[in-house]
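Asker: Got a structure for you, written out below as structure tokens; questions coming shortly.
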Amino acid sequence: MNTPALSLKAQLREAATDWWRSDAPTWVYVFKMVFAGLLALGIGYGLDLESPRSALITVFIVMQPQSGMILAKSFYRVIGTLVGSAAVVVFVGLFAQTPELFLLASALWIGLCTVGSAHNRNFRSYGFVLSGYTVALIGLPSALHPAVTFDSVMTRVSEIMVGIVCVGLVSALVFPQASAPGLVRIIRGRFTAFVDLISATLGGTADRKQLEATNARFVGDIIGLEAMRSSAIFEDPEVRLRSGRLSRMNSEFMALSTRVHALHQLMNRLHANPAASARVVIEAISPYYREVQPLLTRASGEPVMSALDAADAALKLDAYKRELPRRVRATRHTLSEQCQSDSAMLDFDTASELLYRVIEELHAYTLTYASLTQRHHEREQWEHSYAPKTSMTTALIAGARAAIVMLALAAFWIVSGWPSGDVAVLNAAAFCAITSAAPDPAKATRTVAIGVLFAAVAGYVYTFHILPRLDGYWMLASALMPVLMLAVYLTTRPAYAGYGLGICIFFPFLAVPDNFAHFNAAGYLNESVALVVSLIVTAVAFMLLLPPTTDWTVRVLEKQLRKQVVDACFGKLAHLALKFESGTRDLMHQITMFTSSRPLLRQKALGWMFATLEVGHAIIELRSELHGIRTETPDLLPPSAYAALDRLREAIPALFARPSPETLATALAANDATITEVQTAIGPHYRERNERHRLQRTLSYLHFIRTALLDEQSPLHTMRAGGQNNTTGARHAT
């Protein structure tokens, strides 16, 4: 008789547990943000600030799920506000008597700030936005009344600080959600995913599409980890103690993933080669690949996951790395007796060199991961930070667009005498900057505009039908709570986040009274219309003034991506590899955002990313090897070989700067000539092992560059197929 009751109880408990895990965090976040906003509003009224709603709006602007993100965003908001306030004082002092010059200076400043916003990453971008927005928000009213400029600046900063302190305290004290656990999950998940990728790649079970999809996901992971690391250091001292190692792990991961991809591509080309010598090379090198997976497996048979497991894996990798060169030399000696083909030996040397580099970098990556279990470690000493690469062309376009929109609305304001024209001007300037980095700025602005329409209607009802009947702060807070909770909840749903953002910011702007409340229906309607018009103008500007979603923008970013190879050929070698790796992935991340609905464009860009990574990375290693040769044993190569290397260093950048059948043929010819020169330098005569190994490494880099240029899956293949001759120097072809 009791079984059904127990069963129902168990079902209810299971449902409650499921709700607590999935939906409860969202509602906790909603209540926290609304509580923080209303707390800021109450303190603003209590301190008799001119516009307490600014403190409330600040809470909703800086709100983020994790407290580290809130602190980071708040930090840059304060910096941006202070810089913008200083600019206001300067502009009002210089141009208060000439409104036209004041508006022109403000438009140029906002344009420059938008360029900085588009050119930066994470919440630093937000600091630039606030520097420009503050000039519009404080500067326009101050220009009309210069005598109150200082008071306006101090009031604005005070209101922002109240909002920031409230949201920071509530986030840290009420059911805090730290960034550190999410950081740990990302690190562990990425390490596990990479172990699986290495096992599949070296085991021969990963195809090109799977590898491309995995590497595309890793691009987002790399940038996401850097963003979370830069936020978590604000809240967690343990993360600050490990910040250098986390940055180091990101750098090592980028280099390792590039190396694994290069090795996989080389083996794919060997498998596609029908020559018997290619099969001999595959059989000689494959046993080494199968030995890697057990090194990354625990005694129980499960893959390495935690930092503690990584310490044991690092020991096994270290032992394997020390034995690998001796074993590979023995295999090479046997292979040279069985096969007298230069092509086969080149393939084996290149594959074995790539394998050794994979093991070496995997060992370093595993060591860094294992070191995270300790608060202090020598691997923390890492000064090579992630270097993003944003197209200056697209950033300048975003800045020019913001300046043009502001000037157009300002001109209309002056000519028409519109009472709320200043509201339209400052709002349009702000949203041009804020949404410039969105994948589809026009769509983002349209969704916010719909939220503003709802805020205008709801605000009218509150202002003229509800607020006059309220008495005191507590009744006001109770009346505002339902709309604010709805707005914050919408921001937690990606499909409705734009609507929620529009309500969060503009409902308080329209409905929450100042300390000296006044009810003016005409003024309210004017401001509502100004807000909607400003967003419509902004959306139209994004659709007409070189929108970032056009194919032209993607081509600009693609060209910038290929230019990474030019930088690899001529940039300073110090820290060049990290700059190259992070810059290439950062550009690909931007392309991925802009091509979310255009898979063909994304696929083409991915092809260029892999070609860029393969060739650029090999060029950097070739330059590093040659730098060592020139410094220590300059006579190891004859002058003709150095001349051939210089010609190759000119031909490769020309190919990636202007891809065509002609530049590809020139690059292949230069590469083959260089290979011949290095082979001649090696010769059949005796050389010291170190010298011979150096020359063989140089030859393996050159050979890999050639195989990458001849790859049938590369974007260069169509140029080779439609160009002049198919191969130059067939004796080196794989």
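Going through the structure tokens in order, the chains are called A, B, and so on, while each chain numbers its residues from 1 and the ligands are numbered from 1 in the order shown.
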When you look at stretch 271-284 of chain A with a cut-off of 10 Å (counting only C-alpha atoms), what residues show up, excluding the ones that are within fewer than 4 positions of it in the same chain? I need them as a tab-separated table (two decimals) with all heavy atoms, in the first residue's frame.

Answerer:
chain	number	residue	atom	x	y	z
A	265	GLN	N	48.56	15.52	-41.14
A	265	GLN	CA	48.48	15.85	-42.56
A	265	GLN	C	49.59	15.17	-43.35
A	265	GLN	O	49.36	14.70	-44.47
A	265	GLN	CB	48.57	17.37	-42.74
A	265	GLN	CG	47.34	18.12	-42.27
A	265	GLN	CD	46.09	17.68	-43.02
A	265	GLN	OE1	45.36	16.78	-42.59
A	265	GLN	NE2	45.85	18.30	-44.15
A	266	LEU	N	50.79	15.12	-42.80
A	266	LEU	CA	51.89	14.44	-43.49
A	266	LEU	C	51.59	12.96	-43.68
A	266	LEU	O	51.81	12.40	-44.77
A	266	LEU	CB	53.19	14.62	-42.70
A	266	LEU	CG	54.42	13.93	-43.31
A	266	LEU	CD1	54.78	14.56	-44.65
A	266	LEU	CD2	55.61	14.01	-42.35
A	267	MET	N	51.04	12.32	-42.65
A	267	MET	CA	50.71	10.90	-42.78
A	267	MET	C	49.57	10.69	-43.77
A	267	MET	O	49.55	9.70	-44.51
A	267	MET	CB	50.35	10.33	-41.40
A	267	MET	CG	51.50	10.32	-40.41
A	267	MET	SD	52.99	9.51	-41.04
A	267	MET	CE	52.40	7.83	-41.26
A	288	TYR	N	55.84	3.58	-33.80
A	288	TYR	CA	56.09	4.62	-32.79
A	288	TYR	C	54.80	5.34	-32.41
A	288	TYR	O	54.61	5.72	-31.25
A	288	TYR	CB	57.11	5.63	-33.33
A	288	TYR	CG	58.49	5.04	-33.54
A	288	TYR	CD1	58.94	4.70	-34.80
A	288	TYR	CD2	59.33	4.83	-32.45
A	288	TYR	CE1	60.20	4.16	-34.99
A	288	TYR	CE2	60.61	4.29	-32.63
A	288	TYR	CZ	61.03	3.95	-33.90
A	288	TYR	OH	62.28	3.40	-34.08
A	328	VAL	N	64.91	5.87	-33.28
A	328	VAL	CA	64.62	6.36	-34.63
A	328	VAL	C	65.86	6.26	-35.51
A	328	VAL	O	65.76	5.91	-36.71
A	328	VAL	CB	64.09	7.81	-34.57
A	328	VAL	CG1	64.09	8.44	-35.96
A	328	VAL	CG2	62.69	7.84	-33.98
A	331	THR	N	66.10	2.72	-36.67
A	331	THR	CA	65.10	2.45	-37.71
A	331	THR	C	65.50	3.10	-39.03
A	331	THR	O	65.33	2.51	-40.11
A	331	THR	CB	63.73	2.98	-37.27
A	331	THR	OG1	63.38	2.40	-36.01
A	331	THR	CG2	62.65	2.65	-38.29
A	332	ARG	N	66.05	4.31	-38.96
A	332	ARG	CA	66.46	5.00	-40.18
A	332	ARG	C	67.59	4.26	-40.88
A	332	ARG	O	67.63	4.16	-42.12
A	332	ARG	CB	66.91	6.42	-39.84
A	332	ARG	CG	67.18	7.29	-41.07
A	332	ARG	CD	67.70	8.67	-40.69
A	332	ARG	NE	67.69	9.55	-41.83
A	332	ARG	CZ	68.62	9.58	-42.78
A	332	ARG	NH1	69.65	8.72	-42.71
A	332	ARG	NH2	68.52	10.42	-43.80
A	334	THR	N	68.18	1.03	-40.78
A	334	THR	CA	67.59	-0.15	-41.43
A	334	THR	C	66.83	0.25	-42.69
A	334	THR	O	66.93	-0.42	-43.73
A	334	THR	CB	66.63	-0.85	-40.45
A	334	THR	OG1	67.34	-1.19	-39.26
A	334	THR	CG2	66.04	-2.10	-41.08
A	335	LEU	N	66.08	1.36	-42.62
A	335	LEU	CA	65.29	1.82	-43.76
A	335	LEU	C	66.19	2.24	-44.92
A	335	LEU	O	65.88	1.95	-46.09
A	335	LEU	CB	64.40	3.00	-43.33
A	335	LEU	CG	63.46	3.56	-44.40
A	335	LEU	CD1	62.41	2.52	-44.78
A	335	LEU	CD2	62.77	4.83	-43.89
A	338	GLN	N	67.18	-0.77	-46.82
A	338	GLN	CA	66.09	-1.40	-47.56
A	338	GLN	C	65.63	-0.56	-48.75
A	338	GLN	O	65.20	-1.10	-49.76
A	338	GLN	CB	64.89	-1.65	-46.64
A	338	GLN	CG	65.16	-2.64	-45.52
A	338	GLN	CD	63.97	-2.77	-44.59
A	338	GLN	OE1	63.03	-2.00	-44.69
A	338	GLN	NE2	64.02	-3.74	-43.68
A	339	CYS	N	65.69	0.76	-48.60
A	339	CYS	CA	65.10	1.65	-49.60
A	339	CYS	C	66.14	2.71	-49.99
A	339	CYS	O	66.63	3.45	-49.13
A	339	CYS	CB	63.84	2.31	-49.04
A	339	CYS	SG	63.01	3.39	-50.20
A	340	GLN	N	66.46	2.80	-51.26
A	340	GLN	CA	67.46	3.75	-51.74
A	340	GLN	C	66.81	5.00	-52.34
A	340	GLN	O	67.38	5.65	-53.20
A	340	GLN	CB	68.33	3.06	-52.81
A	340	GLN	CG	69.07	1.83	-52.31
A	340	GLN	CD	70.04	2.15	-51.18
A	340	GLN	OE1	70.71	3.18	-51.21
A	340	GLN	NE2	70.11	1.29	-50.18
A	341	SER	N	65.63	5.35	-51.87
A	341	SER	CA	64.89	6.49	-52.43
A	341	SER	C	65.10	7.73	-51.58
A	341	SER	O	64.90	7.70	-50.36
A	341	SER	CB	63.39	6.15	-52.51
A	341	SER	OG	62.64	7.30	-52.75
A	342	ASP	N	65.54	8.82	-52.25
A	342	ASP	CA	65.65	10.10	-51.53
A	342	ASP	C	64.30	10.54	-50.98
A	342	ASP	O	64.21	11.10	-49.88
A	342	ASP	CB	66.19	11.19	-52.47
A	342	ASP	CG	67.67	11.00	-52.76
A	342	ASP	OD1	68.32	10.24	-52.03
A	342	ASP	OD2	68.16	11.61	-53.73
A	343	SER	N	63.25	10.31	-51.76
A	343	SER	CA	61.91	10.71	-51.35
A	343	SER	C	61.51	10.00	-50.07
A	343	SER	O	60.97	10.61	-49.14
A	343	SER	CB	60.91	10.41	-52.46
A	343	SER	OG	59.59	10.61	-52.02
A	344	ALA	N	61.78	8.69	-49.99
A	344	ALA	CA	61.39	7.92	-48.80
A	344	ALA	C	62.16	8.40	-47.57
A	344	ALA	O	61.59	8.54	-46.48
A	344	ALA	CB	61.64	6.44	-49.04
A	345	MET	N	63.44	8.66	-47.73
A	345	MET	CA	64.22	9.11	-46.59
A	345	MET	C	63.77	10.50	-46.12
A	345	MET	O	63.73	10.79	-44.92
A	345	MET	CB	65.71	9.13	-46.94
A	345	MET	CG	66.27	7.77	-47.30
A	345	MET	SD	65.83	6.46	-46.09
A	345	MET	CE	66.61	7.09	-44.61
A	346	LEU	N	63.43	11.36	-47.07
A	346	LEU	CA	62.90	12.67	-46.70
A	346	LEU	C	61.60	12.54	-45.93
A	346	LEU	O	61.38	13.22	-44.91
A	346	LEU	CB	62.67	13.52	-47.95
A	346	LEU	CG	63.84	14.39	-48.43
A	346	LEU	CD1	63.48	15.06	-49.75
A	346	LEU	CD2	64.18	15.44	-47.40
A	347	ASP	N	60.72	11.67	-46.41
A	347	ASP	CA	59.45	11.46	-45.72
A	347	ASP	C	59.67	10.93	-44.30
A	347	ASP	O	59.03	11.38	-43.35
A	347	ASP	CB	58.57	10.48	-46.51
A	347	ASP	CG	57.97	11.11	-47.75
A	347	ASP	OD1	57.76	12.33	-47.73
A	347	ASP	OD2	57.73	10.38	-48.72
A	348	PHE	N	60.59	9.96	-44.17
A	348	PHE	CA	60.83	9.39	-42.84
A	348	PHE	C	61.44	10.42	-41.91
A	348	PHE	O	61.04	10.54	-40.74
A	348	PHE	CB	61.76	8.17	-42.96
A	348	PHE	CG	62.05	7.53	-41.64
A	348	PHE	CD1	61.16	6.63	-41.06
A	348	PHE	CD2	63.21	7.84	-40.94
A	348	PHE	CE1	61.42	6.06	-39.82
A	348	PHE	CE2	63.48	7.27	-39.70
A	348	PHE	CZ	62.58	6.38	-39.15
A	349	ASP	N	62.42	11.17	-42.40
A	349	ASP	CA	63.06	12.18	-41.55
A	349	ASP	C	62.05	13.24	-41.10
A	349	ASP	O	62.05	13.68	-39.94
A	349	ASP	CB	64.20	12.86	-42.31
A	349	ASP	CG	65.40	11.93	-42.48
A	349	ASP	OD1	65.48	10.94	-41.74
A	349	ASP	OD2	66.24	12.20	-43.35
A	351	ALA	N	58.69	12.90	-40.89
A	351	ALA	CA	57.72	12.31	-39.97
A	351	ALA	C	58.33	12.07	-38.59
A	351	ALA	O	57.70	12.33	-37.56
A	351	ALA	CB	57.18	11.01	-40.55
A	352	SER	N	59.57	11.58	-38.55
A	352	SER	CA	60.20	11.30	-37.26
A	352	SER	C	60.52	12.60	-36.51
A	352	SER	O	60.39	12.66	-35.28
A	352	SER	CB	61.47	10.48	-37.46
A	352	SER	OG	62.39	11.16	-38.30
A	712	GLU	N	46.56	18.22	-51.63
A	712	GLU	CA	45.38	18.27	-52.49
A	712	GLU	C	44.16	18.85	-51.78
A	712	GLU	O	43.19	19.23	-52.43
A	712	GLU	CB	45.05	16.86	-53.01
A	712	GLU	CG	46.12	16.31	-53.95
A	712	GLU	CD	45.72	14.98	-54.55
A	712	GLU	OE1	44.63	14.47	-54.16
A	712	GLU	OE2	46.46	14.45	-55.38
A	733	ALA	N	58.99	14.75	-54.57
A	733	ALA	CA	57.56	14.68	-54.31
A	733	ALA	C	57.22	13.44	-53.52
A	733	ALA	O	57.82	12.40	-53.67
A	733	ALA	CB	56.78	14.70	-55.62
A	734	THR	N	56.19	13.61	-52.66
A	734	THR	CA	55.75	12.44	-51.89
A	734	THR	C	54.61	11.80	-52.64
A	734	THR	O	53.46	12.11	-52.41
A	734	THR	CB	55.30	12.88	-50.49
A	734	THR	OG1	54.37	13.93	-50.61
A	734	THR	CG2	56.47	13.33	-49.68

Asker: Within 7 Å of stretch 602-612 of chain A, counting only C-alpha atoms, which residues show up once you throw out same-chain ones fewer than 4 positions away? Write them as a list of chain:residue names, please.

Answerer: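 Counting only C-alpha atoms, the residues come to A:Glu558, A:Leu561, A:Arg562, A:Val565, A:Met588, A:Thr592, A:Thr595, A:Arg598, A:Gly616, A:Ala708, A:Ser714, A:Pro715.
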
Asker: Store the residues of this selection in a file with N, CA and C atoms, as an mmCIF file, in the first residue's frame.

Answerer:
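Saved file out-v7.cif follows:
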data_model
loop_
_atom_site.group_PDB
_atom_site.id
_atom_site.type_symbol
_atom_site.label_atom_id
_atom_site.label_comp_id
_atom_site.auth_asym_id
_atom_site.auth_seq_id
_atom_site.Cartn_x
_atom_site.Cartn_y
_atom_site.Cartn_z
ATOM 1 N N GLU A 558 40.441 37.121 -44.050
ATOM 2 C CA GLU A 558 41.155 36.004 -44.667
ATOM 3 C C GLU A 558 42.527 36.455 -45.173
ATOM 4 N N LEU A 561 44.686 36.799 -42.324
ATOM 5 C CA LEU A 561 45.092 35.466 -41.883
ATOM 6 C C LEU A 561 46.301 34.987 -42.685
ATOM 7 N N ARG A 562 46.241 35.138 -44.001
ATOM 8 C CA ARG A 562 47.366 34.714 -44.839
ATOM 9 C C ARG A 562 48.611 35.567 -44.566
ATOM 10 N N VAL A 565 51.687 34.448 -42.484
ATOM 11 C CA VAL A 565 52.864 33.777 -43.045
ATOM 12 C C VAL A 565 53.936 34.803 -43.389
ATOM 13 N N MET A 588 40.964 33.548 -36.980
ATOM 14 C CA MET A 588 40.025 32.506 -37.367
ATOM 15 C C MET A 588 38.780 32.554 -36.498
ATOM 16 N N THR A 592 35.023 32.873 -37.841
ATOM 17 C CA THR A 592 34.001 31.908 -37.430
ATOM 18 C C THR A 592 32.738 32.619 -36.951
ATOM 19 N N THR A 595 30.808 34.036 -39.974
ATOM 20 C CA THR A 595 30.334 33.083 -40.987
ATOM 21 C C THR A 595 29.499 31.974 -40.368
ATOM 22 N N ARG A 598 27.124 30.763 -42.853
ATOM 23 C CA ARG A 598 27.656 30.534 -44.207
ATOM 24 C C ARG A 598 28.760 29.486 -44.141
ATOM 25 N N GLY A 616 53.492 28.461 -41.983
ATOM 26 C CA GLY A 616 54.072 29.476 -41.106
ATOM 27 C C GLY A 616 54.876 28.882 -39.975
ATOM 28 N N ALA A 708 53.087 20.586 -47.832
ATOM 29 C CA ALA A 708 51.935 21.441 -47.511
ATOM 30 C C ALA A 708 51.481 22.223 -48.734
ATOM 31 N N SER A 714 44.374 21.468 -49.705
ATOM 32 C CA SER A 714 44.673 22.861 -49.388
ATOM 33 C C SER A 714 43.994 23.789 -50.395
ATOM 34 N N PRO A 715 43.662 25.040 -49.990
ATOM 35 C CA PRO A 715 43.122 26.007 -50.957
ATOM 36 C C PRO A 715 44.072 26.275 -52.118
#

Asker: What does the distance between atom CA of A:Arg649 and atom CA of A:Leu626 come to in Å, to one decimal place?

Answerer: 12.0 Å

Asker: Run DSSP on the backbone and tell me which residues of stretch 499-634 of chain A come out as helix (DSSP H, G or I); list them as a PyMOL selection string.

Answerer: chain A and resi 499-511+521-544+551-570+576-594+599-632+634

Asker: With distances taken over only C-alpha atoms, which of A:Ala136, A:Ala541, A:Glu238, A:Thr366 is nearest to A:Gly421?

Answerer: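 Checking each of A:Ala136, A:Ala541, A:Glu238, A:Thr366 against A:Gly421, counting only C-alpha atoms, the winner is A:Ala136.
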
Asker: Between A:Lys32, A:Arg689, A:Arg446, A:His575, which one has atoms that come closest to A:Ala172, using only C-alpha atoms?

Answerer: A:Lys32

Asker: So that I can see what lies close to A:Val615, please list as a PyMOL selection string the residues with an atom at most 10 Å from it, counting only C-alpha atoms and leaving out residues fewer than 2 positions away in the same chain.

Answerer: chain A and resi 262+565+568+610-613+617-620+652+656+701-702+704-709

Asker: Those residues you just picked out, can you put them in a file as a PDB file, in the first residue's frame with N, CA and C atoms?

Answerer:
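The resulting out-v8.pdb:
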ATOM      1  N   ALA A 262      49.976  18.971 -38.156  1.00  0.00           N
ATOM      2  CA  ALA A 262      50.983  18.838 -39.210  1.00  0.00           C
ATOM      3  C   ALA A 262      51.382  17.375 -39.403  1.00  0.00           C
ATOM      4  N   VAL A 565      51.687  34.448 -42.484  1.00  0.00           N
ATOM      5  CA  VAL A 565      52.864  33.777 -43.045  1.00  0.00           C
ATOM      6  C   VAL A 565      53.936  34.803 -43.389  1.00  0.00           C
ATOM      7  N   ALA A 568      55.587  35.574 -40.294  1.00  0.00           N
ATOM      8  CA  ALA A 568      56.447  34.455 -39.891  1.00  0.00           C
ATOM      9  C   ALA A 568      57.787  34.496 -40.620  1.00  0.00           C
ATOM     10  N   PHE A 610      44.588  26.260 -41.794  1.00  0.00           N
ATOM     11  CA  PHE A 610      45.483  25.108 -41.688  1.00  0.00           C
ATOM     12  C   PHE A 610      46.716  25.281 -42.571  1.00  0.00           C
ATOM     13  N   ALA A 611      46.517  25.814 -43.789  1.00  0.00           N
ATOM     14  CA  ALA A 611      47.670  26.057 -44.658  1.00  0.00           C
ATOM     15  C   ALA A 611      48.612  27.080 -44.027  1.00  0.00           C
ATOM     16  N   THR A 612      48.035  28.119 -43.430  1.00  0.00           N
ATOM     17  CA  THR A 612      48.844  29.152 -42.779  1.00  0.00           C
ATOM     18  C   THR A 612      49.606  28.576 -41.595  1.00  0.00           C
ATOM     19  N   LEU A 613      48.916  27.794 -40.754  1.00  0.00           N
ATOM     20  CA  LEU A 613      49.573  27.213 -39.594  1.00  0.00           C
ATOM     21  C   LEU A 613      50.698  26.263 -40.000  1.00  0.00           C
ATOM     22  N   HIS A 617      54.355  27.834 -39.351  1.00  0.00           N
ATOM     23  CA  HIS A 617      55.066  27.194 -38.246  1.00  0.00           C
ATOM     24  C   HIS A 617      56.374  26.582 -38.738  1.00  0.00           C
ATOM     25  N   ALA A 618      56.334  25.939 -39.900  1.00  0.00           N
ATOM     26  CA  ALA A 618      57.562  25.346 -40.453  1.00  0.00           C
ATOM     27  C   ALA A 618      58.583  26.428 -40.804  1.00  0.00           C
ATOM     28  N   ILE A 619      58.108  27.565 -41.313  1.00  0.00           N
ATOM     29  CA  ILE A 619      59.015  28.667 -41.648  1.00  0.00           C
ATOM     30  C   ILE A 619      59.707  29.187 -40.387  1.00  0.00           C
ATOM     31  N   ILE A 620      58.947  29.354 -39.309  1.00  0.00           N
ATOM     32  CA  ILE A 620      59.533  29.863 -38.063  1.00  0.00           C
ATOM     33  C   ILE A 620      60.593  28.891 -37.535  1.00  0.00           C
ATOM     34  N   ILE A 652      57.718  32.519 -50.545  1.00  0.00           N
ATOM     35  CA  ILE A 652      56.595  32.077 -49.713  1.00  0.00           C
ATOM     36  C   ILE A 652      55.687  33.245 -49.324  1.00  0.00           C
ATOM     37  N   PHE A 656      51.511  33.778 -50.296  1.00  0.00           N
ATOM     38  CA  PHE A 656      50.386  33.960 -49.379  1.00  0.00           C
ATOM     39  C   PHE A 656      49.821  35.374 -49.435  1.00  0.00           C
ATOM     40  N   TYR A 701      62.163  20.410 -42.520  1.00  0.00           N
ATOM     41  CA  TYR A 701      61.279  21.574 -42.554  1.00  0.00           C
ATOM     42  C   TYR A 701      60.971  21.971 -43.996  1.00  0.00           C
ATOM     43  N   LEU A 702      61.999  21.968 -44.832  1.00  0.00           N
ATOM     44  CA  LEU A 702      61.791  22.321 -46.242  1.00  0.00           C
ATOM     45  C   LEU A 702      60.873  21.312 -46.923  1.00  0.00           C
ATOM     46  N   PHE A 704      58.603  19.436 -45.500  1.00  0.00           N
ATOM     47  CA  PHE A 704      57.230  19.583 -45.016  1.00  0.00           C
ATOM     48  C   PHE A 704      56.548  20.772 -45.677  1.00  0.00           C
ATOM     49  N   ILE A 705      57.259  21.881 -45.839  1.00  0.00           N
ATOM     50  CA  ILE A 705      56.682  23.037 -46.536  1.00  0.00           C
ATOM     51  C   ILE A 705      56.244  22.631 -47.939  1.00  0.00           C
ATOM     52  N   ARG A 706      57.057  21.831 -48.597  1.00  0.00           N
ATOM     53  CA  ARG A 706      56.702  21.408 -49.953  1.00  0.00           C
ATOM     54  C   ARG A 706      55.452  20.538 -49.969  1.00  0.00           C
ATOM     55  N   THR A 707      55.374  19.595 -49.031  1.00  0.00           N
ATOM     56  CA  THR A 707      54.184  18.736 -48.996  1.00  0.00           C
ATOM     57  C   THR A 707      52.935  19.553 -48.672  1.00  0.00           C
ATOM     58  N   ALA A 708      53.087  20.586 -47.832  1.00  0.00           N
ATOM     59  CA  ALA A 708      51.935  21.441 -47.511  1.00  0.00           C
ATOM     60  C   ALA A 708      51.481  22.223 -48.734  1.00  0.00           C
ATOM     61  N   LEU A 709      52.439  22.692 -49.536  1.00  0.00           N
ATOM     62  CA  LEU A 709      52.077  23.447 -50.747  1.00  0.00           C
ATOM     63  C   LEU A 709      51.426  22.542 -51.791  1.00  0.00           C
TER      64      LEU A 709
END
